[in-house]
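File shown: target32.cif. Contents: mmCIF, C-alpha atoms and all ligand atoms.
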data_structure
#
loop_
_atom_site.label_atom_id
_atom_site.label_comp_id
_atom_site.auth_asym_id
_atom_site.auth_seq_id
_atom_site.Cartn_x
_atom_site.Cartn_y
_atom_site.Cartn_z
CA MET S 17 -9.30 -17.92 21.80
CA GLN S 18 -6.44 -17.86 24.26
CA ILE S 19 -3.12 -16.33 23.26
CA GLN S 20 -0.17 -17.83 25.03
CA TYR S 21 2.92 -15.66 25.06
CA LYS S 22 5.14 -17.82 27.25
CA ALA S 23 5.55 -21.58 27.11
CA PRO S 24 5.01 -23.23 30.51
CA ARG S 25 8.04 -24.88 32.04
CA ASN S 26 8.45 -27.43 34.80
CA TRP S 27 10.47 -27.08 38.00
CA LEU S 28 13.52 -28.83 36.54
CA GLN S 29 13.68 -26.40 33.63
CA THR S 30 13.36 -23.55 36.10
CA LEU S 31 16.13 -24.96 38.29
CA LEU S 32 18.55 -25.59 35.43
CA GLN S 33 17.58 -22.45 33.45
CA THR S 34 17.52 -24.51 30.25
CA GLU S 35 16.56 -21.46 28.19
CA ILE S 36 20.07 -20.07 28.74
CA ALA S 37 21.60 -23.26 27.37
CA GLN S 38 19.21 -23.18 24.42
CA GLY S 39 20.11 -19.57 23.73
CA MET S 40 23.83 -20.28 23.89
CA ALA S 41 23.38 -23.25 21.55
CA LEU S 42 21.55 -21.06 19.06
CA THR S 43 24.32 -18.46 19.23
CA LEU S 44 26.92 -21.17 18.67
CA ARG S 45 25.05 -22.52 15.62
CA ARG S 46 24.68 -19.04 14.11
CA MET S 47 28.44 -18.41 14.49
CA PHE S 48 29.10 -20.89 11.73
CA ASN S 49 26.36 -19.66 9.37
CA ARG S 50 27.27 -17.67 6.30
CA PRO S 51 26.63 -13.96 7.01
CA ILE S 52 23.79 -12.43 4.97
CA THR S 53 24.53 -8.85 3.95
CA ARG S 54 22.37 -7.09 1.40
CA GLN S 55 24.35 -4.74 -0.85
CA TYR S 56 21.79 -1.96 -0.88
CA PRO S 57 21.12 0.03 -3.07
CA GLU S 58 22.58 -2.26 -5.74
CA GLU S 59 20.57 -5.17 -4.34
CA LYS S 60 17.00 -4.05 -3.83
CA PRO S 61 14.77 -6.04 -1.48
CA VAL S 62 11.50 -7.46 -2.78
CA VAL S 63 8.71 -5.88 -0.78
CA ALA S 64 5.76 -7.92 0.46
CA ALA S 65 2.44 -7.79 -1.33
CA GLY S 66 0.35 -5.16 0.35
CA PHE S 67 3.34 -2.95 1.14
CA ARG S 68 2.21 0.64 1.57
CA GLY S 69 4.75 3.03 0.16
CA ARG S 70 4.74 6.36 -1.66
CA HIS S 71 1.32 7.61 -2.76
CA ALA S 72 0.43 7.84 -6.42
CA LEU S 73 -2.52 8.76 -8.59
CA VAL S 74 -2.93 6.02 -11.17
CA ARG S 75 -2.48 7.38 -14.68
CA ASP S 76 -5.10 5.91 -16.98
CA ALA S 77 -3.45 4.40 -20.04
CA ALA S 78 -6.31 5.46 -22.35
CA THR S 79 -6.55 9.12 -21.36
CA GLY S 80 -3.15 9.79 -19.82
CA GLU S 81 -5.01 11.46 -16.93
CA SER S 82 -5.85 10.51 -13.39
CA ARG S 83 -8.84 8.21 -12.89
CA CYS S 84 -10.05 10.20 -9.91
CA VAL S 85 -13.74 11.16 -10.13
CA ALA S 86 -13.65 13.47 -7.09
CA CYS S 87 -16.04 11.38 -5.04
CA MET S 88 -14.19 12.64 -1.94
CA ARG S 89 -14.30 9.29 -0.18
CA CYS S 90 -10.54 9.15 0.35
CA ALA S 91 -10.47 12.64 1.86
CA ARG S 92 -13.34 11.81 4.21
CA VAL S 93 -11.97 8.50 5.39
CA CYS S 94 -8.39 9.70 5.93
CA PRO S 95 -7.81 9.66 9.69
CA SER S 96 -4.89 12.09 9.38
CA HIS S 97 -6.85 14.59 7.29
CA CYS S 98 -3.90 14.86 4.96
CA ILE S 99 -5.81 14.64 1.66
CA ARG S 100 -7.29 17.79 0.13
CA ILE S 101 -9.21 17.79 -3.11
CA ARG S 102 -10.72 20.64 -5.10
CA TRP S 103 -13.09 19.83 -7.91
CA SER S 104 -15.44 21.52 -10.30
CA ARG S 105 -18.30 20.62 -12.66
CA ALA S 106 -17.73 19.76 -16.29
CA SER S 107 -20.24 20.66 -19.00
CA ASP S 108 -21.62 17.10 -18.83
CA ASN S 109 -22.15 17.53 -15.07
CA SER S 110 -19.29 15.19 -14.20
CA ARG S 111 -16.72 16.22 -11.60
CA VAL S 112 -13.29 17.37 -12.65
CA VAL S 113 -10.40 17.27 -10.19
CA ASP S 114 -8.75 20.69 -10.12
CA ALA S 115 -6.37 19.98 -7.26
CA TYR S 116 -5.43 16.87 -5.37
CA ASN S 117 -2.94 17.21 -2.53
CA ILE S 118 -1.52 14.76 -0.02
CA ASP S 119 0.75 15.77 2.80
CA ALA S 120 2.72 12.54 3.08
CA LEU S 121 4.41 13.70 6.28
CA ARG S 122 1.08 13.54 8.07
CA CYS S 123 0.10 10.23 6.52
CA ILE S 124 0.08 7.14 8.72
CA PHE S 125 -0.01 4.79 5.71
CA CYS S 126 -3.17 3.07 6.89
CA GLY S 127 -4.23 2.48 3.28
CA TYR S 128 -7.86 3.51 3.88
CA CYS S 129 -7.78 5.97 0.99
CA ALA S 130 -6.76 3.23 -1.44
CA GLU S 131 -9.33 0.82 -0.02
CA VAL S 132 -12.32 3.12 -0.35
CA CYS S 133 -11.50 4.49 -3.80
CA PRO S 134 -14.16 3.06 -6.14
CA VAL S 135 -12.09 3.50 -9.28
CA ASN S 136 -8.67 2.49 -7.96
CA ALA S 137 -7.36 5.99 -8.61
CA ILE S 138 -5.23 6.46 -5.51
CA VAL S 139 -2.76 3.77 -4.51
CA LEU S 140 0.07 3.33 -2.09
CA THR S 141 2.85 2.05 -4.31
CA GLU S 142 5.66 -0.31 -3.47
CA VAL S 143 8.17 2.57 -3.67
CA TYR S 144 9.92 2.79 -0.32
CA ALA S 145 13.06 4.78 -1.17
CA TYR S 146 12.06 8.43 -1.49
CA ALA S 147 14.13 10.41 0.93
CA ALA S 148 14.53 14.17 0.47
CA ASN S 149 16.26 17.04 2.19
CA GLY S 150 13.21 19.27 2.57
CA ARG S 151 9.64 18.82 3.79
CA SER S 152 8.16 20.33 0.65
CA ALA S 153 9.16 17.25 -1.36
CA PHE S 154 6.57 15.26 0.59
CA LYS S 155 3.66 17.58 -0.08
CA PHE S 156 2.42 15.88 -3.20
CA ASP S 157 0.14 17.77 -5.59
CA LYS S 158 -1.76 16.13 -8.43
CA GLN S 159 1.14 16.33 -10.87
CA ALA S 160 3.59 14.97 -8.30
CA LEU S 161 1.23 12.08 -7.59
CA LEU S 162 0.94 11.29 -11.29
CA ASP S 163 4.72 11.51 -11.57
CA ASN S 164 4.97 9.08 -8.65
CA TRP S 165 2.83 6.67 -10.64
CA ASP S 166 5.05 7.06 -13.72
CA ASP S 167 8.08 6.39 -11.55
CA PHE S 168 6.46 3.31 -10.05
CA ALA S 169 5.36 2.08 -13.47
CA ALA S 170 8.90 2.49 -14.79
CA GLN S 171 10.19 0.33 -11.95
CA LYS S 172 7.42 -2.24 -12.08
CA GLY S 173 6.92 -2.84 -15.81
CA ASP S 174 3.43 -3.76 -17.09
CA MET S 175 1.02 -1.72 -14.98
CA GLN S 176 -2.28 -2.30 -16.75
CA GLY S 177 -4.79 -3.25 -14.10
CA TYR S 178 -2.31 -2.96 -11.26
CA VAL S 179 -3.94 -3.00 -7.89
CA ASN S 180 -2.18 -3.36 -4.61
CA PRO S 181 -3.93 -6.36 -3.03
CA LEU S 182 -4.33 -4.33 0.12
CA CYS S 183 -6.53 -1.89 -1.83
CA ARG S 184 -9.21 -4.57 -2.00
CA PRO S 185 -11.25 -4.40 1.18
CA ARG S 186 -10.81 -7.64 3.06
CA ASN S 187 -13.50 -10.29 3.14
CA MET S 188 -15.58 -8.46 0.55
CA PRO S 189 -17.05 -10.78 -2.11
CA GLU S 190 -15.60 -10.16 -5.55
CA GLY S 191 -19.01 -9.20 -6.97
CA ALA S 192 -19.39 -6.45 -4.40
CA LEU S 193 -16.11 -4.85 -5.37
CA ALA S 194 -15.94 -1.84 -7.66
CA HIS S 195 -15.15 -2.89 -11.24
CA ALA S 196 -11.65 -1.42 -11.12
CA LYS S 197 -10.78 -3.67 -8.22
CA ARG S 198 -12.02 -6.90 -9.74
CA VAL S 199 -8.57 -7.78 -10.98
CA ALA S 200 -6.59 -10.97 -10.82
CA VAL S 201 -4.95 -11.37 -7.45
CA ASP S 202 -3.67 -14.46 -5.78
CA ALA S 203 -6.28 -16.69 -4.15
CA GLU S 204 -4.69 -15.86 -0.81
CA TRP S 205 -5.98 -12.34 -1.18
CA ARG S 206 -9.58 -13.35 -1.64
CA GLY S 207 -12.26 -13.61 1.00
CA ALA S 208 -11.53 -14.76 4.49
CA GLU S 209 -8.19 -16.23 3.46
CA GLN S 210 -6.72 -12.82 2.71
CA TRP S 211 -3.60 -12.16 4.63
CA VAL S 212 -0.31 -10.36 4.12
CA GLY S 213 3.07 -11.90 3.58
CA LYS S 214 2.70 -15.49 2.43
CA ASN S 215 4.41 -16.24 -0.89
CA HIS S 216 4.67 -12.54 -1.57
CA ARG S 217 7.23 -13.01 -4.29
CA ALA S 218 4.83 -15.20 -6.24
CA THR S 219 2.05 -12.65 -5.72
CA HIS S 220 4.30 -9.98 -7.14
CA ALA S 221 4.49 -11.79 -10.42
CA GLN S 222 0.68 -11.92 -10.69
CA GLY S 223 -0.84 -10.68 -13.96
CA ALA S 224 -4.06 -8.62 -14.18
CA GLU S 225 -6.80 -7.45 -16.52
CA PRO S 226 -7.24 -3.96 -18.00
CA ASN S 227 -9.16 -1.36 -16.08
CA PRO S 228 -12.03 1.00 -16.98
CA SER S 229 -11.39 4.57 -18.09
CA ALA S 230 -11.24 7.88 -16.30
CA PRO S 231 -13.60 10.86 -15.89
CA GLY S 232 -14.35 13.44 -18.57
CA HIS S 233 -13.24 17.03 -18.71
CA GLY S 234 -14.76 20.42 -19.28
CA GLN S 235 -15.26 23.85 -17.82
CA ALA S 236 -15.66 24.38 -14.13
CA HIS S 237 -17.48 26.46 -11.53
CA GLN S 238 -18.09 24.64 -8.32
CA ASP S 239 -15.57 23.99 -5.60
CA GLY S 240 -15.41 21.24 -3.01
CA ALA S 241 -12.71 20.47 -0.46
CA ALA S 242 -11.94 17.76 2.00
CA GLN S 243 -13.00 18.05 5.65
S1 LIG S 301 -2.87 6.09 3.87
FE1 LIG S 301 -4.33 6.65 5.51
S2 LIG S 301 -3.44 8.47 6.45
FE2 LIG S 301 -2.38 8.17 4.51
S3 LIG S 301 -3.47 9.45 3.04
FE3 LIG S 301 -4.38 7.41 2.93
S4 LIG S 301 -6.11 7.45 4.38
FE4 LIG S 301 -4.79 9.21 4.85
S1 LIG S 302 -8.99 9.19 -5.37
FE1 LIG S 302 -10.71 7.74 -5.45
S2 LIG S 302 -11.73 7.97 -3.47
FE2 LIG S 302 -10.42 9.76 -3.71
S3 LIG S 302 -11.76 11.32 -4.62
FE3 LIG S 302 -10.70 10.28 -6.30
S4 LIG S 302 -12.12 8.67 -6.94
FE4 LIG S 302 -12.78 9.32 -4.90
#
In structure tokens, what does this structure look like?
Amino acid sequence: MQIQYKAPRNWLQTLLQTEIAQGMALTLRRMFNRPITRQYPEEKPVVAAGFRGRHALVRDAATGESRCVACMRCARVCPSHCIRIRWSRASDNSRVVDAYNIDALRCIFCGYCAEVCPVNAIVLTEVYAYAANGRSAFKFDKQALLDNWDDFAAQKGDMQGYVNPLCRPRNMPEGALAHAKRVAVDAEWRGAEQWVGKNHRATHAQGAEPNPSAPGHGQAHQDGAAQ
């Protein structure tokens, strides 16, 4: 495939510098257009599907807890090494997350953590406005991440089965996806046709099915940490 960055032009176009005339014509046309000014923050923009904003740990509706099963995949895949998890064993031998920390100031918002999570526990929400005066506000612990989810849910409405389309690895057949990620998303997000941006407002309105439940709890002894 050849990518062409500059349209070829003939000698006459070069001599007359027609691009200048085209540019001036465009400027002239725009002078009579109605100005578009968004009255932020009263008028909030609609973000595109797949937008990667503030991190959150999804709060399971059934248990009220995080869905995280401490598989450590997100911590291992994170290129910035900004996720740290500490877990322990429950009496039924399942893993219990004791601490989950993300340093959002080191994050590059690649979305890998959300993509690899088998239970859709960690997501990058569509929350983009979260400025603070100090750095500590961006060092999210488990409770802060759950609070981020509550905040996102309050803004978004019905959150059952929410999955950011970008959290579904691209080109992966639906059957190969973890159960928590087999949710209703627009056809554009499936298979080879997945791409970001088109009709994102329609995608935003997409409904979804309920998700499976979270891990169990119990007493703990063993520790594990990222990296
Ligand atoms: S978005 Fe990327 S850099 Fe940020 S926490 Fe997730 S894996 Fe790490
Ligand atoms: S958030 Fe997901 S990927 Fe990360 S440890 Fe928990 S279950 Fe595993």
Mind listing the residues within 8 Å of ligand LIG 301 (chain S), all atoms listed in the file counted, as a ChimeraX atom specification? /S:68,71,90-91,93-99,118-120,122-130,140
Go ahead and dump the residues you just picked, C-alpha atoms, as a PDB file, in the coordinates of the input.
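Ended up saving to out-v8.pdb:
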ATOM      1  CA  ARG S  68       2.210   0.640   1.570  1.00  0.00           C
ATOM      2  CA  HIS S  71       1.320   7.610  -2.760  1.00  0.00           C
ATOM      3  CA  CYS S  90     -10.540   9.150   0.350  1.00  0.00           C
ATOM      4  CA  ALA S  91     -10.470  12.640   1.860  1.00  0.00           C
ATOM      5  CA  VAL S  93     -11.970   8.500   5.390  1.00  0.00           C
ATOM      6  CA  CYS S  94      -8.390   9.700   5.930  1.00  0.00           C
ATOM      7  CA  PRO S  95      -7.810   9.660   9.690  1.00  0.00           C
ATOM      8  CA  SER S  96      -4.890  12.090   9.380  1.00  0.00           C
ATOM      9  CA  HIS S  97      -6.850  14.590   7.290  1.00  0.00           C
ATOM     10  CA  CYS S  98      -3.900  14.860   4.960  1.00  0.00           C
ATOM     11  CA  ILE S  99      -5.810  14.640   1.660  1.00  0.00           C
ATOM     12  CA  ILE S 118      -1.520  14.760  -0.020  1.00  0.00           C
ATOM     13  CA  ASP S 119       0.750  15.770   2.800  1.00  0.00           C
ATOM     14  CA  ALA S 120       2.720  12.540   3.080  1.00  0.00           C
ATOM     15  CA  ARG S 122       1.080  13.540   8.070  1.00  0.00           C
ATOM     16  CA  CYS S 123       0.100  10.230   6.520  1.00  0.00           C
ATOM     17  CA  ILE S 124       0.080   7.140   8.720  1.00  0.00           C
ATOM     18  CA  PHE S 125      -0.010   4.790   5.710  1.00  0.00           C
ATOM     19  CA  CYS S 126      -3.170   3.070   6.890  1.00  0.00           C
ATOM     20  CA  GLY S 127      -4.230   2.480   3.280  1.00  0.00           C
ATOM     21  CA  TYR S 128      -7.860   3.510   3.880  1.00  0.00           C
ATOM     22  CA  CYS S 129      -7.780   5.970   0.990  1.00  0.00           C
ATOM     23  CA  ALA S 130      -6.760   3.230  -1.440  1.00  0.00           C
ATOM     24  CA  LEU S 140       0.070   3.330  -2.090  1.00  0.00           C
TER      25      LEU S 140
END
Counting only C-alpha atoms, which residues sit no farther than 12 Å from the position (7.9, 3.9, -11.3) in the file's frame? I'd like them as an mmCIF file with C-alpha atoms, keeping the file's coordinate frame.
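Generated output (part-v1.cif):
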data_model
loop_
_atom_site.group_PDB
_atom_site.id
_atom_site.type_symbol
_atom_site.label_atom_id
_atom_site.label_comp_id
_atom_site.auth_asym_id
_atom_site.auth_seq_id
_atom_site.Cartn_x
_atom_site.Cartn_y
_atom_site.Cartn_z
ATOM 1 C CA GLY S 69 4.750 3.030 0.160
ATOM 2 C CA ARG S 70 4.740 6.360 -1.660
ATOM 3 C CA HIS S 71 1.320 7.610 -2.760
ATOM 4 C CA ALA S 72 0.430 7.840 -6.420
ATOM 5 C CA LEU S 73 -2.520 8.760 -8.590
ATOM 6 C CA VAL S 74 -2.930 6.020 -11.170
ATOM 7 C CA ARG S 75 -2.480 7.380 -14.680
ATOM 8 C CA THR S 141 2.850 2.050 -4.310
ATOM 9 C CA GLU S 142 5.660 -0.310 -3.470
ATOM 10 C CA VAL S 143 8.170 2.570 -3.670
ATOM 11 C CA TYR S 144 9.920 2.790 -0.320
ATOM 12 C CA ALA S 145 13.060 4.780 -1.170
ATOM 13 C CA TYR S 146 12.060 8.430 -1.490
ATOM 14 C CA LEU S 161 1.230 12.080 -7.590
ATOM 15 C CA LEU S 162 0.940 11.290 -11.290
ATOM 16 C CA ASP S 163 4.720 11.510 -11.570
ATOM 17 C CA ASN S 164 4.970 9.080 -8.650
ATOM 18 C CA TRP S 165 2.830 6.670 -10.640
ATOM 19 C CA ASP S 166 5.050 7.060 -13.720
ATOM 20 C CA ASP S 167 8.080 6.390 -11.550
ATOM 21 C CA PHE S 168 6.460 3.310 -10.050
ATOM 22 C CA ALA S 169 5.360 2.080 -13.470
ATOM 23 C CA ALA S 170 8.900 2.490 -14.790
ATOM 24 C CA GLN S 171 10.190 0.330 -11.950
ATOM 25 C CA LYS S 172 7.420 -2.240 -12.080
ATOM 26 C CA GLY S 173 6.920 -2.840 -15.810
ATOM 27 C CA ASP S 174 3.430 -3.760 -17.090
ATOM 28 C CA MET S 175 1.020 -1.720 -14.980
#
For chain S against ligand LIG 302 (chain S), with a cut-off of 10 Å and counting all atoms listed in the file, what is the closest atom pair and its distance in Å to one decimal for every residue that makes the cut, ordered by chain and number, as a Markdown table?
| residue | atom | partner | partner_atom | distance |
| --- | --- | --- | --- | --- |
| S:Ala72 | CA | S:LIG302 | S1 | 9.6 |
| S:Leu73 | CA | S:LIG302 | S1 | 7.2 |
| S:Val74 | CA | S:LIG302 | S1 | 9.0 |
| S:Ser82 | CA | S:LIG302 | FE3 | 8.6 |
| S:Arg83 | CA | S:LIG302 | S4 | 6.8 |
| S:Cys84 | CA | S:LIG302 | FE3 | 3.7 |
| S:Val85 | CA | S:LIG302 | S4 | 4.4 |
| S:Ala86 | CA | S:LIG302 | S3 | 3.8 |
| S:Cys87 | CA | S:LIG302 | FE4 | 3.9 |
| S:Met88 | CA | S:LIG302 | S3 | 3.9 |
| S:Arg89 | CA | S:LIG302 | S2 | 4.4 |
| S:Cys90 | CA | S:LIG302 | FE2 | 4.1 |
| S:Ala91 | CA | S:LIG302 | FE2 | 6.3 |
| S:Arg92 | CA | S:LIG302 | FE2 | 8.7 |
| S:Val93 | CA | S:LIG302 | S2 | 8.9 |
| S:Cys94 | CA | S:LIG302 | FE2 | 9.9 |
| S:Ile99 | CA | S:LIG302 | FE2 | 8.6 |
| S:Arg100 | CA | S:LIG302 | S3 | 9.2 |
| S:Ile101 | CA | S:LIG302 | S3 | 7.1 |
| S:Arg102 | CA | S:LIG302 | S3 | 9.4 |
| S:Trp103 | CA | S:LIG302 | S3 | 9.2 |
| S:Arg111 | CA | S:LIG302 | S3 | 9.9 |
| S:Val112 | CA | S:LIG302 | FE3 | 9.9 |
| S:Val113 | CA | S:LIG302 | FE3 | 8.0 |
| S:Tyr116 | CA | S:LIG302 | S3 | 8.5 |
| S:Tyr128 | CA | S:LIG302 | S2 | 9.4 |
| S:Cys129 | CA | S:LIG302 | S2 | 6.3 |
| S:Ala130 | CA | S:LIG302 | S2 | 7.2 |
| S:Glu131 | CA | S:LIG302 | S2 | 8.3 |
| S:Val132 | CA | S:LIG302 | S2 | 5.8 |
| S:Cys133 | CA | S:LIG302 | S2 | 3.5 |
| S:Pro134 | CA | S:LIG302 | FE1 | 5.9 |
| S:Val135 | CA | S:LIG302 | S4 | 5.7 |
| S:Asn136 | CA | S:LIG302 | FE1 | 6.2 |
| S:Ala137 | CA | S:LIG302 | S1 | 4.8 |
| S:Ile138 | CA | S:LIG302 | S1 | 4.6 |
| S:Val139 | CA | S:LIG302 | S1 | 8.3 |
| S:Ala230 | CA | S:LIG302 | S4 | 9.4 |
| S:Pro231 | CA | S:LIG302 | S4 | 9.3 |
| S:Ala242 | CA | S:LIG302 | S3 | 9.2 |
As a check of understanding: the span from CA of Ala196 (chain S) to CA of Cys183 (chain S) is 10.6 Å
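Taking CA of Gln55 (chain S) and CA of Phe67 (chain S) as endpoints, the distance between them is 21.2 Å.
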When distances are computed from all atoms listed in the file, which of S:Ala65, S:Lys158, S:Glu190, S:Pro185 shows the smallest separation from Glu81 (chain S)? S:Lys158
Report, in Å with one decimal, the straight-line distance from CA of Asn117 (chain S) to CA of Ser104 (chain S).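 Between CA of Asn117 (chain S) and CA of Ser104 (chain S) the gap works out to 15.3 Å.
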Counting only C-alpha atoms, what is within 12 Å of region 35-38 of chain S, bar same-chain residues fewer than 5 positions away, as a list in words?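 Listing them by chain and then by number gives Ala23, Pro24, Arg25, Leu28, Gln29, Thr30, Thr43, Leu44 and Arg45 of chain S.
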Go ahead and fit an axis-aligned box to every listed atom of region 67-83 of chain S plus 6 Å each side, and pass me the centre and edge lengths in Å, one decimal, as AutoDock Vina command-line options.
--center_x -2.0 --center_y 4.3 --center_z -10.4 --size_x 25.6 --size_y 26.4 --size_z 35.9
